[in-house]
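Q: Got a structure here, written out as structure tokens. Questions coming.
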Amino acid sequence: MGFLLFLAKRLLVLIPTFIGITLISFVVMHLAPGEPMTIQADFNPKMTPEMRERLRAQYGLDKPLMVQYATWLKGLVRLDLGRSFSADRRPVWDKIKERLPVTILINLLSMGLIFAVAIPLGVRSAVKRGSAFDHMSTVLVFVGYAAPSFWVALLLMLLFGVKLGWLPISGLHSMMGYGEMAGWEKALDWARHLVLPVLVSSIGGLAGLSRYMRSSMLEVLRQDYITTARAKGLPEKKVIYRHALRNALLPVITILGLSVPALIGGSVIFESIFAIPGIGQLMWKSVMARDYPVLMGNLVIVSVLTLLGNLLADIGYALADPRIRAQGEEGG
Amino acid sequence: MASEAQESFWSGFRRNPLAVSGLALVTVLAAVALAAPLIAPYDPSAIDTFHILEPPSLAHPCGTDTLGRDCLSRLIYGARISLFVGFVAVGIATAVGTVLGAVAGFYGGWIDTAIMRLVDVMLCFPTIFLIMAVIAFLEPSIWNIMVVIGLTGWMGVARLVRAEFLSLKGRDFVLAARISGASNARILFSHILPNAIAPVLVAATLGVGNAILTESALSFLGIGVQPPTPSWGNMLTEGKDNLEIAWWLSLYPGLAILITVLGYNLLGEGLRDALDPRSRRE
Amino acid sequence: MRWMAAAAAFVVVLLLQAPGAAAAAGLDPVGPDYGDAIVVGSIGDASNLIPMLASDATSHEIAGYIYPGLVKYDKDLNLVGELAKGWEISEDGLTITFHLRKGVRWEDGEEFTSADVLYGFETITDPKTPTAYAGDFLEVKKAEAPDRYTFRVTYKEPFAPALSSWSNVVVLPSHLLKGKEITKSPLARHPVGIGPFRLKEWKSQERIVLEANPGYYDGRPYLDRYVMRIIPDPATMFLELKSGGLDWMGLSPIQYSRQTDTRFFKENFKKYKYLSFSYTYLGYNLRSPLFKDKRVRQAISYAIDKEEIIRGVLLGYGVAATGPYKPDAWYYNPHVRRYPYDPERARELLEEAGWVDRDGDGWLDKDGRRFSFTIITNQGNSLRANTAQIIQYRLKQVGIEVKIRPIEWTAFINDFIDKRRFEAVILGWTLGQDPDLFDIWHSSKTGEKQLNFIGYSNPEVDRLLVEGRHTFAREKRKRIYGRIQEILAEEQPYTFLYVPMALPVIHRRFRGIEPAPAGISYNLIRWWVPKAEQRYIMP
């Protein structure tokens, strides 16, 4: 019951945030010199003033701004984001739709990697505070956090792609012969192509999360109940992994939610470098081509994704925290 | 009281080797940036087509780029750009964040709710997407980049300042000021704000590193600082195009970014530890 | 014994590396084998495979394999029959009668006839068709198809480029298009062709796969497939080439000179180089008050060191351009005004034009305005970007401030070039075989989307351009275009920068490649791979 109440509350809060996102996107869109349509109309030299007016009416650009916003919002809900300015004139949603799965896949993989590495690393650093391992990992974490991901990508490409020739350096899968591969060969092929992008996109998060995990764990280890558990003579392993870890993980889940935007933002960089046809590459291309409809569609979709990521993190937090489960309180 | 706090701050800071090295890095970099014309061995934009893509040598310790320009000199001048962008962007972010956070924390009520909702919304945008969307409408230039990075990076500071205000506004010294008839603005700026400076300083220091990373990423993608202005980010673009034959073009600018960001992060963390008595106990 | 074996291996290697088809044929006495695919790298995707609607090079390249013309250039740049097996030109030079090949079939089995040519002609000259190639065809007074295999055009006046204009763009399957709006035709993405290849698959921004057309009138290509991979980044493309994902790409000068000396490369690839059919220039928007004065343009030309650009950007793989033609063309005029690097002369000319550094800030000024302008160029072309930076550096030394703005191609053309929103531009022109330059330099071609986008206008050039295209005599044409080159060199509406070399590299397994004045790709359909070396086995 408490949890349901919590969920309902979270969902309710989502609504104004969602509206805020659309509002800001809409404002950014109208920052454009001229109106969204002039660009399109200018493509066609045969456009007469009357036709232009008709188009304006058709696009609703003659209406007050609020009405336009409402219309745009209605379209958005139906995933109607307009058409691309590029030569193919395809609906924006179609373009986004075909690229979204790749971006989500890579982000999920990176997130998995981040968790799988950062948590043990953070825990071990905390438990062995002051040890050589702790110092070493602290330095590594700082370096990892400060290293520009695109630079790391370049170095990895140079090492594994060029010098050693172990891994492919661009695209999602091999091109020739891919169609004839068996299922597992295809999977392996994808995996080989995804190693570097996933690695690169997780470096920043990895550093951040393990640092966070470490301090969260230290915090918990200082608590009285841990001292009590130790005093009771419970084995150290059990104290750490049964009692401390569980509590130390809680704030980390919140961080997960907050790191979603950064993770997705990173897509722009590594998708451009590794030539991966995802949302980030689409964003970069549409910026370069000044393809405003695609640009705005991207911005909105990605932010909504982030919103969902946050929500999932909140739910995870609630499920993990017995206090919230019981009281239906929202945290932080 | 104040000097005692300072003393304990300094002793805490000094005993943290990471923080001290961060301070050292930041100081050296600032010196390099300021003294660029004095220490750069060549004019960073001097083209020399007889010596293109030369590997590091005595004459060119970091090699030359595709137009025969001296990479070391470009790196040195690039420090100016990076630090400049970092400071101005963070300055904007801090100013906006402080004002909004202070207003939200001090007045509370619906103003607070509105501002905090705005913060939530802004945090939902992957920053780089938002920046790219805006840059697409403007021309890419160093000024636009700084402003846009600044305007998309204030949320953390706003939250911090708000939290400080919430905890400070009920304290005795604020109440005392209020009783003695000080105006809201006066209470805000001369009584509460100075007390909130420490966490803001930490956030700003960490923010410089982030802003430099963002700028270099944008420049790398070709929508940041434009050539011939040497920026570490756009130097790396050239490195990428010549990855196999000119490793030095990729290595050094990346290292420069790494060291700079590292410096600010270490300094920021060091400041935080030194300012926060709880974590100092660690 | 061991030594002997080594020697034998040496001989084989020598044979393998011997250039030309003769040696290859000697090795493979059975002659060309069918099969295998060639994988080509391209920076950009195609946009539209109806050739008359597309304006980008990739679209034309692909469409060229699907829709051949009535005539084509052979390896020595002579016009020979393609879909037309022959033609006659009337005494007065006004009428061309094409005799079309019989029994040539479209992919869907329909026969190719004169109706297809007539349809193409009518469509390209229809003002409603958004095409950039109508110009040459608007010279036609009358086009007719007297029977299924004859096509006749009559020109208003003698028109020198007439025959060559029928080499591409205009042949389309009328039975699929007639009565429909061509801009909405599905043929844009799913062409039904008649050429050596046909479209098998087109995955946007990823690849275009062509397969041999078994019904091609001249015999199907030896290769089963032609695959174009779209890799927007040249460095990535090169890495792909080395990792075996590509068989053919054009190298940058740096790649060509510095990255191909490895053993791996020599064993697997063969490099070619020849002067490309293009030149690169710095064009001035002549509507801008900055560039109205001829002396200012001349000064900029003096301030730019072309040799430096060729050395620094092309690494020597190119020659300085003196005008709108390449130096080995028969109509090239070497005796025109030249602009050797001379910053002193540049400063003098600028001073004559009123540009002096009055306020001592290092930049020239006039009427209180600093001499400052922006060069735009298309993003992603590092040669042009570097050229721009060298120009920027050199102009700074005479006191002119230059800003550089790279813009993505589509936006570059649509928003800047077509709308004339630029001050100066670095771009290149591809050169045809005919000297006709009407579309680029005639003052009637300055309208929106037309090619004289710098707004050049000179009555004498106008007159000569018209005269040139109505003259057949080679010597007389040479004089006419020689004079045009003199005027352009004097007036410098462009600073003509350089003619770069094409630097293609192709996998060694391909045989039958014969470099010629036309380049190398003219006989692609006769390239082949011995069975034993074939890499891609098609199901």
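So you can find residues: chains in the structure tokens are A, B, ... in the order shown, residues in each start at 1, and ligands are numbered from 1 in order.
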Determine, counting only C-alpha atoms, which protein, DNA and RNA residues have an atom within 12 Å of an atom of range 195-198 of chain A; residues of the same chain fewer than 6 positions away are not included. Present the result as a CSV table (one decimal) with all heavy atoms, in the first residue's frame.
A:
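Result file result_34.csv:
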chain,number,residue,atom,x,y,z
A,102,VAL,N,19.4,0.9,-30.4
A,102,VAL,CA,20.9,0.8,-30.3
A,102,VAL,C,21.4,1.6,-29.1
A,102,VAL,O,22.2,1.1,-28.3
A,102,VAL,CB,21.5,1.3,-31.6
A,102,VAL,CG1,23.0,1.2,-31.5
A,102,VAL,CG2,21.1,0.4,-32.8
A,103,THR,N,20.9,2.8,-29.1
A,103,THR,CA,21.4,3.7,-28.0
A,103,THR,C,21.0,3.1,-26.6
A,103,THR,O,21.8,3.1,-25.7
A,103,THR,CB,20.8,5.1,-28.2
A,103,THR,OG1,21.1,5.6,-29.5
A,103,THR,CG2,21.3,6.0,-27.1
A,104,ILE,N,19.8,2.6,-26.5
A,104,ILE,CA,19.3,2.1,-25.3
A,104,ILE,C,20.1,0.8,-24.9
A,104,ILE,O,20.6,0.7,-23.8
A,104,ILE,CB,17.8,1.8,-25.3
A,104,ILE,CG1,17.0,3.1,-25.4
A,104,ILE,CG2,17.4,1.0,-24.1
A,104,ILE,CD1,15.5,2.9,-25.5
A,105,LEU,N,20.3,0.0,-25.9
A,105,LEU,CA,21.1,-1.2,-25.7
A,105,LEU,C,22.5,-0.9,-25.1
A,105,LEU,O,22.9,-1.4,-24.1
A,105,LEU,CB,21.3,-2.0,-27.0
A,105,LEU,CG,22.2,-3.2,-26.9
A,105,LEU,CD1,21.6,-4.3,-26.1
A,105,LEU,CD2,22.6,-3.7,-28.3
A,106,ILE,N,23.2,0.0,-25.8
A,106,ILE,CA,24.5,0.4,-25.3
A,106,ILE,C,24.5,1.0,-23.9
A,106,ILE,O,25.4,0.7,-23.1
A,106,ILE,CB,25.2,1.3,-26.4
A,106,ILE,CG1,25.4,0.5,-27.6
A,106,ILE,CG2,26.6,1.8,-25.8
A,106,ILE,CD1,26.1,1.3,-28.7
A,107,ASN,N,23.6,1.8,-23.7
A,107,ASN,CA,23.5,2.5,-22.4
A,107,ASN,C,23.2,1.5,-21.3
A,107,ASN,O,23.8,1.5,-20.2
A,107,ASN,CB,22.5,3.6,-22.4
A,107,ASN,CG,23.0,4.9,-22.9
A,107,ASN,OD1,24.1,5.3,-22.5
A,107,ASN,ND2,22.4,5.4,-24.0
A,108,LEU,N,22.3,0.5,-21.6
A,108,LEU,CA,22.1,-0.5,-20.6
A,108,LEU,C,23.3,-1.4,-20.3
A,108,LEU,O,23.6,-1.7,-19.2
A,108,LEU,CB,20.9,-1.4,-21.1
A,108,LEU,CG,19.5,-0.8,-21.0
A,108,LEU,CD1,18.4,-1.8,-21.5
A,108,LEU,CD2,19.2,-0.4,-19.5
A,109,LEU,N,24.0,-1.7,-21.4
A,109,LEU,CA,25.2,-2.5,-21.2
A,109,LEU,C,26.2,-1.7,-20.4
A,109,LEU,O,26.9,-2.3,-19.5
A,109,LEU,CB,25.8,-2.9,-22.6
A,109,LEU,CG,25.1,-3.9,-23.4
A,109,LEU,CD1,25.7,-4.1,-24.8
A,109,LEU,CD2,25.1,-5.3,-22.7
A,110,SER,N,26.4,-0.5,-20.7
A,110,SER,CA,27.4,0.3,-19.9
A,110,SER,C,26.9,0.4,-18.5
A,110,SER,O,27.8,0.3,-17.6
A,110,SER,CB,27.5,1.8,-20.4
A,110,SER,OG,27.3,1.8,-21.8
A,111,MET,N,25.6,0.6,-18.3
A,111,MET,CA,25.2,0.6,-16.9
A,111,MET,C,25.5,-0.7,-16.2
A,111,MET,O,25.9,-0.7,-15.0
A,111,MET,CB,23.7,0.9,-16.9
A,111,MET,CG,23.3,1.8,-15.8
A,111,MET,SD,21.5,2.2,-15.9
A,111,MET,CE,21.5,3.6,-16.8
A,112,GLY,N,25.2,-1.8,-16.8
A,112,GLY,CA,25.5,-3.1,-16.2
A,112,GLY,C,27.0,-3.2,-15.9
A,112,GLY,O,27.4,-3.6,-14.8
A,113,LEU,N,27.8,-2.7,-16.8
A,113,LEU,CA,29.3,-2.8,-16.6
A,113,LEU,C,29.7,-1.9,-15.4
A,113,LEU,O,30.5,-2.3,-14.6
A,113,LEU,CB,30.0,-2.3,-17.9
A,113,LEU,CG,31.5,-2.4,-17.8
A,113,LEU,CD1,32.0,-3.9,-17.8
A,113,LEU,CD2,32.2,-1.7,-19.0
A,114,ILE,N,29.1,-0.7,-15.4
A,114,ILE,CA,29.4,0.2,-14.4
A,114,ILE,C,29.1,-0.4,-13.0
A,114,ILE,O,29.9,-0.4,-12.1
A,114,ILE,CB,28.6,1.5,-14.5
A,114,ILE,CG1,29.1,2.3,-15.7
A,114,ILE,CG2,28.7,2.4,-13.3
A,114,ILE,CD1,28.3,3.5,-16.1
A,149,SER,N,36.2,11.3,-22.6
A,149,SER,CA,35.9,10.0,-23.1
A,149,SER,C,36.3,9.9,-24.6
A,149,SER,O,36.7,8.8,-25.0
A,149,SER,CB,34.4,9.7,-22.9
A,149,SER,OG,33.7,10.7,-23.6
A,150,PHE,N,36.2,11.0,-25.3
A,150,PHE,CA,36.5,10.8,-26.7
A,150,PHE,C,38.0,10.6,-26.9
A,150,PHE,O,38.5,9.9,-27.9
A,150,PHE,CB,36.1,12.0,-27.5
A,150,PHE,CG,36.5,13.4,-27.0
A,150,PHE,CD1,37.7,14.0,-27.5
A,150,PHE,CD2,35.8,14.0,-26.0
A,150,PHE,CE1,38.1,15.2,-27.0
A,150,PHE,CE2,36.2,15.2,-25.5
A,150,PHE,CZ,37.3,15.8,-26.0
A,152,VAL,N,39.9,8.9,-24.7
A,152,VAL,CA,40.1,7.5,-24.3
A,152,VAL,C,39.7,6.6,-25.5
A,152,VAL,O,40.3,5.7,-25.9
A,152,VAL,CB,39.2,7.1,-23.1
A,152,VAL,CG1,39.4,5.7,-22.8
A,152,VAL,CG2,39.7,8.0,-21.9
A,153,ALA,N,38.6,7.0,-26.2
A,153,ALA,CA,38.1,6.3,-27.3
A,153,ALA,C,39.2,6.3,-28.4
A,153,ALA,O,39.5,5.2,-29.0
A,153,ALA,CB,36.8,6.9,-27.9
A,154,LEU,N,39.8,7.4,-28.6
A,154,LEU,CA,40.9,7.5,-29.7
A,154,LEU,C,42.0,6.5,-29.3
A,154,LEU,O,42.5,5.8,-30.2
A,154,LEU,CB,41.4,8.9,-29.8
A,154,LEU,CG,40.5,10.0,-30.5
A,154,LEU,CD1,41.3,11.3,-30.6
A,154,LEU,CD2,40.1,9.5,-31.8
A,155,LEU,N,42.4,6.6,-28.1
A,155,LEU,CA,43.6,5.8,-27.7
A,155,LEU,C,43.2,4.3,-27.8
A,155,LEU,O,44.0,3.5,-28.2
A,155,LEU,CB,44.0,6.1,-26.2
A,155,LEU,CG,44.5,7.5,-26.0
A,155,LEU,CD1,45.1,7.7,-24.6
A,155,LEU,CD2,45.6,7.9,-27.0
A,156,LEU,N,42.0,3.9,-27.4
A,156,LEU,CA,41.6,2.5,-27.5
A,156,LEU,C,41.5,2.1,-28.9
A,156,LEU,O,41.9,0.9,-29.3
A,156,LEU,CB,40.3,2.3,-26.8
A,156,LEU,CG,40.3,2.4,-25.2
A,156,LEU,CD1,38.9,2.2,-24.7
A,156,LEU,CD2,41.3,1.4,-24.6
A,157,MET,N,41.0,3.0,-29.8
A,157,MET,CA,40.9,2.6,-31.2
A,157,MET,C,42.3,2.4,-31.7
A,157,MET,O,42.6,1.4,-32.5
A,157,MET,CB,40.3,3.8,-32.0
A,157,MET,CG,38.8,3.8,-32.0
A,157,MET,SD,38.2,5.4,-32.6
A,157,MET,CE,38.0,5.1,-34.3
A,158,LEU,N,43.2,3.3,-31.3
A,158,LEU,CA,44.6,3.2,-31.8
A,158,LEU,C,45.2,1.9,-31.4
A,158,LEU,O,45.8,1.1,-32.1
A,158,LEU,CB,45.4,4.4,-31.2
A,158,LEU,CG,46.8,4.5,-31.7
A,158,LEU,CD1,46.8,4.7,-33.2
A,158,LEU,CD2,47.5,5.8,-31.1
A,159,LEU,N,45.0,1.5,-30.1
A,159,LEU,CA,45.6,0.3,-29.5
A,159,LEU,C,44.9,-1.0,-30.1
A,159,LEU,O,45.6,-1.8,-30.7
A,159,LEU,CB,45.5,0.4,-28.0
A,159,LEU,CG,46.2,-0.8,-27.3
A,159,LEU,CD1,47.7,-0.9,-27.6
A,159,LEU,CD2,45.9,-0.8,-25.8
A,160,PHE,N,43.6,-1.1,-29.8
A,160,PHE,CA,43.0,-2.4,-30.2
A,160,PHE,C,42.6,-2.5,-31.6
A,160,PHE,O,42.5,-3.6,-32.2
A,160,PHE,CB,41.7,-2.6,-29.3
A,160,PHE,CG,42.1,-2.8,-27.8
A,160,PHE,CD1,41.8,-1.8,-26.9
A,160,PHE,CD2,42.7,-3.9,-27.4
A,160,PHE,CE1,42.2,-1.9,-25.6
A,160,PHE,CE2,43.1,-4.1,-26.1
A,160,PHE,CZ,42.8,-3.1,-25.2
A,161,GLY,N,42.3,-1.3,-32.2
A,161,GLY,CA,41.8,-1.4,-33.6
A,161,GLY,C,43.0,-1.4,-34.6
A,161,GLY,O,43.1,-2.2,-35.5
A,166,TRP,N,42.7,-6.2,-32.9
A,166,TRP,CA,41.8,-7.2,-32.2
A,166,TRP,C,40.3,-6.9,-32.4
A,166,TRP,O,39.5,-7.8,-32.5
A,166,TRP,CB,42.1,-7.3,-30.7
A,166,TRP,CG,43.4,-7.9,-30.4
A,166,TRP,CD1,44.3,-8.5,-31.2
A,166,TRP,CD2,44.0,-7.9,-29.1
A,166,TRP,NE1,45.4,-8.9,-30.6
A,166,TRP,CE2,45.2,-8.5,-29.3
A,166,TRP,CE3,43.6,-7.4,-27.8
A,166,TRP,CZ2,46.1,-8.8,-28.2
A,166,TRP,CZ3,44.5,-7.6,-26.8
A,166,TRP,CH2,45.7,-8.3,-27.0
A,167,LEU,N,40.0,-5.6,-32.4
A,167,LEU,CA,38.6,-5.3,-32.4
A,167,LEU,C,38.3,-4.3,-33.6
A,167,LEU,O,39.1,-3.5,-34.0
A,167,LEU,CB,38.3,-4.5,-31.1
A,167,LEU,CG,38.3,-5.4,-29.9
A,167,LEU,CD1,38.3,-4.5,-28.6
A,167,LEU,CD2,37.2,-6.4,-29.9
A,168,PRO,N,37.1,-4.5,-34.1
A,168,PRO,CA,36.6,-3.5,-35.1
A,168,PRO,C,36.5,-2.1,-34.5
A,168,PRO,O,36.2,-2.0,-33.3
A,168,PRO,CB,35.3,-4.1,-35.6
A,168,PRO,CG,34.8,-4.9,-34.5
A,168,PRO,CD,36.0,-5.4,-33.7
A,169,ILE,N,36.6,-1.1,-35.3
A,169,ILE,CA,36.6,0.2,-34.8
A,169,ILE,C,35.4,1.1,-35.2
A,169,ILE,O,35.2,2.2,-34.7
A,169,ILE,CB,37.8,1.0,-35.2
A,169,ILE,CG1,38.1,0.7,-36.6
A,169,ILE,CG2,39.0,0.6,-34.3
A,169,ILE,CD1,38.5,1.8,-37.4
A,170,SER,N,34.5,0.5,-36.0
A,170,SER,CA,33.3,1.3,-36.3
A,170,SER,C,32.2,0.4,-36.7
A,170,SER,O,32.4,-0.7,-37.1
A,170,SER,CB,33.6,2.3,-37.4
A,170,SER,OG,33.7,1.7,-38.7
A,171,GLY,N,31.0,1.0,-36.5
A,171,GLY,CA,29.8,0.3,-36.9
A,171,GLY,C,29.3,-0.6,-35.8
A,171,GLY,O,29.9,-0.8,-34.8
A,172,LEU,N,28.2,-1.3,-36.1
A,172,LEU,CA,27.5,-2.1,-35.2
A,172,LEU,C,27.8,-3.6,-35.5
A,172,LEU,O,27.8,-4.4,-34.6
A,172,LEU,CB,26.0,-1.9,-35.2
A,172,LEU,CG,25.5,-1.0,-34.2
A,172,LEU,CD1,24.0,-0.9,-34.4
A,172,LEU,CD2,25.8,-1.3,-32.8
A,173,HIS,N,28.0,-3.9,-36.7
A,173,HIS,CA,28.3,-5.3,-37.1
A,173,HIS,C,29.1,-5.3,-38.4
A,173,HIS,O,29.1,-4.3,-39.1
A,173,HIS,CB,27.0,-6.1,-37.2
A,173,HIS,CG,26.0,-5.6,-38.2
A,173,HIS,ND1,26.2,-5.7,-39.6
A,173,HIS,CD2,24.9,-4.9,-38.0
A,173,HIS,CE1,25.2,-5.1,-40.2
A,173,HIS,NE2,24.4,-4.6,-39.3
A,188,LEU,N,28.1,-12.7,-31.6
A,188,LEU,CA,29.5,-12.6,-31.4
A,188,LEU,C,30.0,-11.3,-32.1
A,188,LEU,O,30.8,-10.5,-31.6
A,188,LEU,CB,30.3,-13.8,-31.8
A,188,LEU,CG,31.8,-13.8,-31.4
A,188,LEU,CD1,31.9,-14.0,-29.9
A,188,LEU,CD2,32.5,-14.9,-32.2
A,189,ASP,N,29.6,-11.2,-33.3
A,189,ASP,CA,30.0,-10.1,-34.2
A,189,ASP,C,29.6,-8.8,-33.5
A,189,ASP,O,30.3,-7.8,-33.4
A,189,ASP,CB,29.3,-10.2,-35.5
A,189,ASP,CG,29.9,-9.3,-36.6
A,189,ASP,OD1,31.2,-9.3,-36.7
A,189,ASP,OD2,29.2,-8.5,-37.2
A,204,GLY,N,33.4,7.2,-17.4
A,204,GLY,CA,33.1,8.3,-16.5
A,204,GLY,C,32.2,7.9,-15.4
A,204,GLY,O,32.5,8.1,-14.2
A,205,GLY,N,31.2,7.1,-15.7
A,205,GLY,CA,30.2,6.7,-14.7
A,205,GLY,C,30.9,5.7,-13.8
A,205,GLY,O,30.6,5.8,-12.5
A,206,LEU,N,31.7,4.9,-14.3
A,206,LEU,CA,32.4,3.9,-13.4
A,206,LEU,C,33.2,4.6,-12.3
A,206,LEU,O,33.1,4.3,-11.2
A,206,LEU,CB,33.4,3.2,-14.3
A,206,LEU,CG,33.6,1.7,-14.2
A,206,LEU,CD1,34.1,1.1,-15.4
A,206,LEU,CD2,34.5,1.4,-13.0
A,263,LEU,N,24.9,9.7,-19.0
A,263,LEU,CA,25.2,8.5,-19.8
A,263,LEU,C,24.7,8.7,-21.2
A,263,LEU,O,25.4,8.5,-22.2
A,263,LEU,CB,24.5,7.3,-19.1
A,263,LEU,CG,25.2,6.0,-19.3
A,263,LEU,CD1,26.6,6.0,-18.9
A,263,LEU,CD2,24.4,4.9,-18.4
A,264,ILE,N,23.4,9.1,-21.3
A,264,ILE,CA,22.8,9.3,-22.6
A,264,ILE,C,23.5,10.4,-23.4
A,264,ILE,O,23.8,10.3,-24.6
A,264,ILE,CB,21.3,9.6,-22.5
A,264,ILE,CG1,20.6,8.3,-22.0
A,264,ILE,CG2,20.7,10.0,-23.9
A,264,ILE,CD1,19.1,8.4,-22.0
A,266,GLY,N,26.5,11.1,-23.2
A,266,GLY,CA,27.8,10.6,-23.8
A,266,GLY,C,27.6,9.9,-25.1
A,266,GLY,O,28.5,9.7,-25.9
A,267,SER,N,26.4,9.4,-25.4
A,267,SER,CA,26.1,8.8,-26.7
A,267,SER,C,26.5,9.6,-27.8
A,267,SER,O,27.0,9.1,-28.8
A,267,SER,CB,24.6,8.5,-26.8
A,267,SER,OG,24.1,7.8,-25.6
A,268,VAL,N,26.3,10.9,-27.7
A,268,VAL,CA,26.7,11.8,-28.8
A,268,VAL,C,28.1,11.6,-29.2
A,268,VAL,O,28.5,11.4,-30.3
A,268,VAL,CB,26.4,13.3,-28.4
A,268,VAL,CG1,27.0,14.2,-29.5
A,268,VAL,CG2,25.0,13.6,-28.1
A,269,ILE,N,28.9,11.5,-28.1
A,269,ILE,CA,30.4,11.4,-28.4
A,269,ILE,C,30.7,10.1,-29.0
A,269,ILE,O,31.3,10.0,-30.1
A,269,ILE,CB,31.1,11.6,-27.1
A,269,ILE,CG1,30.6,12.9,-26.4
A,269,ILE,CG2,32.6,11.6,-27.3
A,269,ILE,CD1,31.4,14.1,-26.6
A,270,PHE,N,30.4,9.0,-28.3
A,270,PHE,CA,31.0,7.7,-28.7
A,270,PHE,C,30.3,7.2,-30.0
A,270,PHE,O,30.9,6.5,-30.8
A,270,PHE,CB,31.0,6.7,-27.6
A,270,PHE,CG,29.7,6.1,-27.2
A,270,PHE,CD1,29.0,5.2,-27.9
A,270,PHE,CD2,29.1,6.6,-26.0
A,270,PHE,CE1,27.8,4.7,-27.5
A,270,PHE,CE2,27.9,6.1,-25.6
A,270,PHE,CZ,27.2,5.1,-26.4
A,271,GLU,N,29.0,7.6,-30.2
A,271,GLU,CA,28.4,7.2,-31.4
A,271,GLU,C,29.0,7.9,-32.6
A,271,GLU,O,29.1,7.4,-33.7
A,271,GLU,CB,26.8,7.4,-31.4
A,271,GLU,CG,26.2,6.4,-30.5
A,271,GLU,CD,24.7,6.7,-30.3
A,271,GLU,OE1,24.1,7.5,-31.1
A,271,GLU,OE2,24.0,6.0,-29.5
A,272,SER,N,29.4,9.2,-32.4
A,272,SER,CA,30.0,9.9,-33.5
A,272,SER,C,31.4,9.3,-33.8
A,272,SER,O,31.7,9.1,-35.0
A,272,SER,CB,30.2,11.3,-33.2
A,272,SER,OG,29.0,11.9,-32.8
A,273,ILE,N,32.1,8.9,-32.8
A,273,ILE,CA,33.4,8.4,-33.0
A,273,ILE,C,33.4,7.0,-33.6
A,273,ILE,O,34.1,6.7,-34.6
A,273,ILE,CB,34.2,8.3,-31.7
A,273,ILE,CG1,34.4,9.7,-31.2
A,273,ILE,CG2,35.5,7.6,-31.8
A,273,ILE,CD1,35.2,9.8,-29.9
A,274,PHE,N,32.5,6.1,-33.1
A,274,PHE,CA,32.5,4.7,-33.5
A,274,PHE,C,31.5,4.5,-34.7
A,274,PHE,O,31.3,3.4,-35.0
A,274,PHE,CB,32.2,3.8,-32.4
A,274,PHE,CG,33.3,3.7,-31.3
A,274,PHE,CD1,33.1,4.3,-30.1
A,274,PHE,CD2,34.5,3.1,-31.6
A,274,PHE,CE1,34.1,4.3,-29.1
A,274,PHE,CE2,35.5,3.0,-30.7
A,274,PHE,CZ,35.3,3.6,-29.4
A,275,ALA,N,31.0,5.6,-35.2
A,275,ALA,CA,30.0,5.5,-36.3
A,275,ALA,C,28.9,4.5,-36.0
A,275,ALA,O,28.6,3.6,-36.7
A,275,ALA,CB,30.7,5.1,-37.6
A,276,ILE,N,28.3,4.7,-34.8
A,276,ILE,CA,27.2,3.8,-34.4
A,276,ILE,C,25.9,4.5,-34.7
A,276,ILE,O,25.7,5.7,-34.3
A,276,ILE,CB,27.3,3.5,-32.9
A,276,ILE,CG1,28.4,2.5,-32.8
A,276,ILE,CG2,26.0,2.9,-32.4
A,276,ILE,CD1,28.8,2.2,-31.4
A,278,GLY,N,23.1,5.5,-33.8
A,278,GLY,CA,22.1,5.6,-32.7
A,278,GLY,C,21.6,7.1,-32.6
A,278,GLY,O,21.8,7.9,-33.5
Q: As a PyMOL selection string, please: the residues near Ala118 in chain A (cut-off 8 Å, only C-alpha atoms, same-chain neighbours under 2 positions excluded).
A: chain A and resi 114-116+120-122+206-207+209-210+213
Q: Pull out every residue of chain A sitting within 7 Å of chain B, counting only C-alpha atoms, and send them as a ChimeraX atom specification.
A: /A:17,20-21,28,32,142-143,146-148,151,154,158,261-262,264-265,287,290,295,299,303,306-307
Q: Select, as a PyMOL selection string, those residues of chain C with any atom no more than 8 Å from chain A (distances computed using only C-alpha atoms).
A: chain C and resi 47+231+236+239-240+243+245+407-411+414+448+536
Q: Keeping only C-alpha atoms, write the selected residues as a short mmCIF file (atom, residue, chain, number, x, y, z; two decimals), in the first residue's frame.
A:
data_model
loop_
_atom_site.label_atom_id
_atom_site.label_comp_id
_atom_site.auth_asym_id
_atom_site.auth_seq_id
_atom_site.Cartn_x
_atom_site.Cartn_y
_atom_site.Cartn_z
CA SER C 47 20.11 11.30 -51.89
CA ILE C 231 31.58 6.08 -43.81
CA THR C 236 37.66 5.65 -40.04
CA LEU C 239 41.09 2.05 -40.94
CA GLU C 240 38.30 0.05 -42.53
CA SER C 243 41.14 -4.03 -41.79
CA GLY C 245 36.36 -3.92 -44.96
CA ILE C 407 29.05 24.07 -42.55
CA GLU C 408 27.48 20.71 -43.18
CA TRP C 409 26.98 20.12 -46.89
CA THR C 410 23.17 20.28 -47.17
CA ALA C 411 22.89 23.40 -45.07
CA ASN C 414 20.68 25.28 -49.22
CA GLU C 448 18.60 31.64 -56.99
CA TYR C 536 33.02 -12.53 -51.40
#
